[in-house]
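Peer 1: Right, I'll just put the structure down here and ask away after.
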Amino acid sequence: IPIQRKDGLTRIALWNSANIRSDNGKDIIATIAQGQDITERKAVEDALDDTRKYLENLFDYANAPIIVWDPTFHVTRFNHAFEHMTGLKASEVIGKHLDILFPPEGKDESLIKISHTLSGQHWDSVEIPILTKKGEVKVALWNSANIYAEDGRTLTATIAQGQDITERKDAEMRLKEYSESLSRSNAE
């Protein structure tokens with residue numbers, strides 16, 4: 001409850017109250033209240049809430065696909081750019097095992113790469129194919145970091161940021177095919 005002081009400043013108080021009843025138990029004869037000034041605590045809570053909202057917006061609206069998974073490889077966060085890349089909504093992915101994001105033909109290899117994060121390894125540039133909702137395969141270049149508990153040893157999550165390099169990989173493949181075709185033509 002906001003309380004205005006005599007000097008005009010407003011403080012926030014946390015109040016507890018109880019009614020005191022007459023001997024018959026029906027009539028209220030007084031109310032007793034106890035208050036505690038929580039103005040500073042409330043200011044800290046509000047600042048933490050603002051920071052949390054700011055960080056969530058950074059995560060959710062970053063241009064790069066970002067995903068977070070726990071040590072059992074279950075997705076805990078999935079941003080809008082990842083939704084755009086895969087066609088999957090966060091609600092379809094959060095809580096599910098990471099392997100739903102990989103094409104069947106490369107699933108085992110992708111899981112092996114990801115399992116290295118459990119030992120504290122992080123990625124600087126790792127290519128991992130991603131399966132879209134429509135069944136298309138996109139190639140993403142990933143970097144990652146581990147998040148640890150306060151003890152500095154207990155892994156709580158891994159966060160990875162990717163870049164869709166599918167068009168670049170397709171261009172490289174066409175260039176390679178063209179180069180091979182040109183080499184054959186020159187040899188002939």
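Letters A, B, ... mark the chains of the structure tokens in the order given; residue numbers begin at 1 per chain; ligand numbers begin at 1, in order shown.
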Need to verify the contact set: region 65-69 of chain A, 12 Å, only C-alpha atoms, exclusion of same-chain residues closer than 6 positions in sequence. Can you return it as a VMD selection string?
Peer 2: chain A and resid 56 58 to 59 75 to 87 90 93 to 99 101 114 to 115 117 to 118 130 140 to 147 155 to 165
Peer 1: Please extract the residues of chain A with a backbone DSSP assignment of alpha helix (DSSP H) and present them as an NGL selection string.
Peer 2: :A and (39-61 or 80-86 or 90-93 or 107-115 or 166-187)
Peer 1: How about saving the chosen residues, C-alpha atoms kept, as a short mmCIF file (atom, residue, chain, number, x, y, z; two decimals), in the first residue's frame?
Peer 2:
```cif
data_model
loop_
_atom_site.label_atom_id
_atom_site.label_comp_id
_atom_site.auth_asym_id
_atom_site.auth_seq_id
_atom_site.Cartn_x
_atom_site.Cartn_y
_atom_site.Cartn_z
CA THR A 39 10.01 0.92 -0.73
CA GLU A 40 13.61 -0.06 -1.55
CA ARG A 41 12.73 -3.74 -1.99
CA LYS A 42 9.87 -2.80 -4.34
CA ALA A 43 12.21 -0.56 -6.36
CA VAL A 44 14.71 -3.44 -6.73
CA GLU A 45 11.92 -5.86 -7.71
CA ASP A 46 10.65 -3.38 -10.32
CA ALA A 47 14.18 -2.87 -11.70
CA LEU A 48 14.70 -6.65 -11.90
CA ASP A 49 11.36 -7.03 -13.67
CA ASP A 50 12.30 -4.30 -16.16
CA THR A 51 15.66 -6.02 -16.80
CA ARG A 52 13.95 -9.40 -17.24
CA LYS A 53 11.51 -7.92 -19.78
CA TYR A 54 14.34 -6.18 -21.60
CA LEU A 55 16.40 -9.39 -21.83
CA GLU A 56 13.38 -11.42 -22.94
CA ASN A 57 12.73 -8.89 -25.72
CA LEU A 58 16.39 -9.06 -26.80
CA PHE A 59 16.14 -12.84 -26.94
CA ASP A 60 12.72 -13.06 -28.57
CA TYR A 61 13.25 -10.37 -31.21
CA HIS A 80 10.98 -15.73 -33.14
CA ALA A 81 13.84 -15.92 -35.66
CA PHE A 82 14.05 -19.68 -35.03
CA GLU A 83 10.28 -19.88 -35.53
CA HIS A 84 10.70 -18.05 -38.84
CA MET A 85 13.52 -20.34 -39.97
CA THR A 86 11.71 -23.58 -39.11
CA ALA A 90 7.91 -22.05 -29.78
CA SER A 91 4.91 -23.79 -28.20
CA GLU A 92 5.47 -26.75 -30.55
CA VAL A 93 9.12 -27.08 -29.55
CA LYS A 107 20.06 -36.75 -36.60
CA ASP A 108 22.71 -38.96 -34.97
CA GLU A 109 25.61 -36.81 -36.16
CA SER A 110 23.85 -33.64 -34.96
CA LEU A 111 23.17 -35.17 -31.54
CA ILE A 112 26.84 -36.18 -31.24
CA LYS A 113 27.90 -32.59 -31.99
CA ILE A 114 25.42 -31.29 -29.44
CA SER A 115 26.48 -33.81 -26.78
CA THR A 166 21.32 -22.52 -46.74
CA GLU A 167 21.54 -20.13 -49.70
CA ARG A 168 25.31 -19.86 -49.29
CA LYS A 169 25.67 -23.65 -49.20
CA ASP A 170 23.49 -23.98 -52.30
CA ALA A 171 25.61 -21.35 -54.11
CA GLU A 172 28.81 -23.17 -53.07
CA MET A 173 27.39 -26.44 -54.43
CA ARG A 174 26.40 -24.82 -57.75
CA LEU A 175 29.83 -23.19 -58.02
CA LYS A 176 31.52 -26.55 -57.33
CA GLU A 177 29.34 -28.28 -59.94
CA TYR A 178 30.07 -25.50 -62.44
CA SER A 179 33.80 -25.73 -61.72
CA GLU A 180 33.77 -29.51 -62.19
CA SER A 181 31.79 -29.13 -65.42
CA LEU A 182 34.26 -26.51 -66.66
CA SER A 183 37.20 -28.78 -65.79
CA ARG A 184 35.61 -31.63 -67.76
CA SER A 185 35.00 -29.31 -70.72
CA ASN A 186 38.60 -28.10 -70.63
CA ALA A 187 39.86 -31.68 -70.47
#
```
Peer 1: My list of candidates is A:Phe102, A:Asp7, A:Ile38, A:Glu150. Which is closest to Lys138 (chain A) when distances are computed with only C-alpha atoms?
Peer 2: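 That would be A:Phe102, the residue with the smallest distance to Lys138 (chain A).
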Peer 1: Counting only C-alpha atoms, what is within 9 Å of region 27-32 of chain A, bar same-chain residues fewer than 3 positions away, as number ranges by chain?
Peer 2: A: 16-24
Peer 1: I need the residue nearest His116 (chain A) from this list: A:Pro129, A:Gly25, A:Gly35, A:Pro71. Use only C-alpha atoms for the distance.
Peer 2: A:Pro71
Peer 1: If you run DSSP over the backbone, which residues in region 45-158 of chain A end up strand (DSSP E or B)? Put them as an MDAnalysis selection string.
Peer 2: chainID A and resid 66:69 74:78 97 126:131 137:148 155:158
Peer 1: Mind writing the picked residues with N, CA, C and O atoms as a compact mmCIF listing (two decimals), in the first residue's frame?
Peer 2:
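Written output follows (again.txt):
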```
# COMPACT_ATOMS: atom_id res chain seq x y z
N ILE A 66 17.83 -18.25 -32.09
CA ILE A 66 18.44 -18.58 -30.80
C ILE A 66 17.60 -19.65 -30.14
O ILE A 66 16.38 -19.59 -30.14
N ILE A 67 18.30 -20.63 -29.56
CA ILE A 67 17.63 -21.73 -28.87
C ILE A 67 18.39 -22.02 -27.59
O ILE A 67 19.61 -21.84 -27.51
N VAL A 68 17.67 -22.45 -26.58
CA VAL A 68 18.26 -22.84 -25.30
C VAL A 68 17.74 -24.23 -24.97
O VAL A 68 16.55 -24.51 -25.15
N TRP A 69 18.65 -25.11 -24.51
CA TRP A 69 18.23 -26.44 -24.09
C TRP A 69 18.88 -26.77 -22.76
O TRP A 69 19.91 -26.24 -22.39
N HIS A 74 16.40 -31.00 -23.81
CA HIS A 74 15.03 -30.54 -24.02
C HIS A 74 15.04 -29.02 -24.18
O HIS A 74 15.71 -28.32 -23.42
N VAL A 75 14.30 -28.56 -25.16
CA VAL A 75 14.28 -27.13 -25.49
C VAL A 75 13.56 -26.35 -24.39
O VAL A 75 12.45 -26.73 -23.98
N THR A 76 14.21 -25.28 -23.93
CA THR A 76 13.60 -24.43 -22.90
C THR A 76 13.26 -23.04 -23.44
O THR A 76 12.40 -22.36 -22.88
N ARG A 77 13.93 -22.60 -24.49
CA ARG A 77 13.64 -21.30 -25.13
C ARG A 77 13.83 -21.46 -26.64
O ARG A 77 14.70 -22.22 -27.08
N PHE A 78 13.07 -20.69 -27.41
CA PHE A 78 13.06 -20.81 -28.87
C PHE A 78 12.56 -19.47 -29.38
O PHE A 78 11.39 -19.14 -29.20
N HIS A 97 12.41 -32.81 -27.07
CA HIS A 97 13.82 -33.15 -27.28
C HIS A 97 14.32 -32.48 -28.55
O HIS A 97 13.59 -32.37 -29.54
N VAL A 126 29.77 -24.19 -36.02
CA VAL A 126 29.43 -25.59 -36.28
C VAL A 126 28.20 -25.61 -37.19
O VAL A 126 27.20 -24.97 -36.89
N GLU A 127 28.30 -26.35 -38.29
CA GLU A 127 27.17 -26.48 -39.21
C GLU A 127 26.28 -27.62 -38.75
O GLU A 127 26.75 -28.74 -38.54
N ILE A 128 25.01 -27.32 -38.60
CA ILE A 128 24.03 -28.35 -38.23
C ILE A 128 22.79 -28.14 -39.10
O ILE A 128 22.23 -27.04 -39.12
N PRO A 129 22.36 -29.18 -39.80
CA PRO A 129 21.14 -29.07 -40.60
C PRO A 129 19.91 -29.05 -39.69
O PRO A 129 19.86 -29.73 -38.67
N ILE A 130 18.93 -28.25 -40.10
CA ILE A 130 17.69 -28.10 -39.35
C ILE A 130 16.53 -28.47 -40.26
O ILE A 130 16.48 -28.06 -41.41
N LEU A 131 15.60 -29.24 -39.72
CA LEU A 131 14.41 -29.67 -40.46
C LEU A 131 13.28 -28.67 -40.22
O LEU A 131 12.97 -28.35 -39.08
N VAL A 137 15.17 -28.99 -45.55
CA VAL A 137 16.37 -28.99 -44.71
C VAL A 137 17.11 -27.68 -44.94
O VAL A 137 17.40 -27.32 -46.07
N LYS A 138 17.37 -26.99 -43.84
CA LYS A 138 18.16 -25.76 -43.90
C LYS A 138 19.45 -26.00 -43.14
O LYS A 138 19.48 -26.78 -42.19
N VAL A 139 20.50 -25.34 -43.58
CA VAL A 139 21.79 -25.47 -42.91
C VAL A 139 22.03 -24.21 -42.10
O VAL A 139 21.89 -23.10 -42.61
N ALA A 140 22.36 -24.41 -40.83
CA ALA A 140 22.63 -23.27 -39.96
C ALA A 140 24.04 -23.38 -39.41
O ALA A 140 24.54 -24.47 -39.13
N LEU A 141 24.68 -22.25 -39.28
CA LEU A 141 26.01 -22.14 -38.69
C LEU A 141 25.79 -21.65 -37.27
O LEU A 141 25.22 -20.59 -37.04
N TRP A 142 26.25 -22.46 -36.29
CA TRP A 142 25.93 -22.21 -34.89
C TRP A 142 27.16 -21.83 -34.07
O TRP A 142 28.25 -22.31 -34.32
N ASN A 143 26.92 -21.01 -33.05
CA ASN A 143 27.88 -20.84 -31.96
C ASN A 143 27.09 -21.03 -30.68
O ASN A 143 25.88 -20.85 -30.66
N SER A 144 27.77 -21.45 -29.62
CA SER A 144 27.05 -21.75 -28.40
C SER A 144 27.85 -21.34 -27.17
O SER A 144 29.05 -21.09 -27.25
N ALA A 145 27.14 -21.32 -26.06
CA ALA A 145 27.77 -21.08 -24.76
C ALA A 145 26.99 -21.86 -23.72
O ALA A 145 25.78 -22.08 -23.87
N ASN A 146 27.68 -22.28 -22.68
CA ASN A 146 27.02 -23.00 -21.59
C ASN A 146 26.69 -22.04 -20.46
O ASN A 146 27.40 -21.08 -20.22
N ILE A 147 25.62 -22.36 -19.77
CA ILE A 147 25.18 -21.57 -18.63
C ILE A 147 25.28 -22.49 -17.41
O ILE A 147 24.73 -23.60 -17.42
N TYR A 148 25.99 -22.01 -16.38
CA TYR A 148 26.23 -22.83 -15.20
C TYR A 148 25.52 -22.26 -13.98
O TYR A 148 25.25 -21.06 -13.90
N LEU A 155 26.13 -27.63 -15.01
CA LEU A 155 25.55 -27.11 -16.25
C LEU A 155 24.04 -27.04 -16.10
O LEU A 155 23.40 -28.03 -15.75
N THR A 156 23.47 -25.87 -16.36
CA THR A 156 22.02 -25.73 -16.28
C THR A 156 21.37 -25.61 -17.65
O THR A 156 20.22 -25.98 -17.82
N ALA A 157 22.13 -25.09 -18.63
CA ALA A 157 21.57 -24.92 -19.97
C ALA A 157 22.67 -24.61 -20.97
O ALA A 157 23.79 -24.25 -20.59
N THR A 158 22.34 -24.77 -22.23
CA THR A 158 23.22 -24.35 -23.32
C THR A 158 22.39 -23.43 -24.21
O THR A 158 21.23 -23.71 -24.50
```
Peer 1: What is the distance between CA of Ala13 (chain A) and CA of Gln36 (chain A), in Å to one decimal?
Peer 2: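 Separation between CA of Ala13 (chain A) and CA of Gln36 (chain A): 5.3 Å.
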Peer 1: Applying 8 Å and only C-alpha atoms, which residues near Ile3 (chain A) remain after dropping the ones on its own chain fewer than 2 positions away? List them as a ChimeraX atom specification.
Peer 2: /A:1,5,10-13
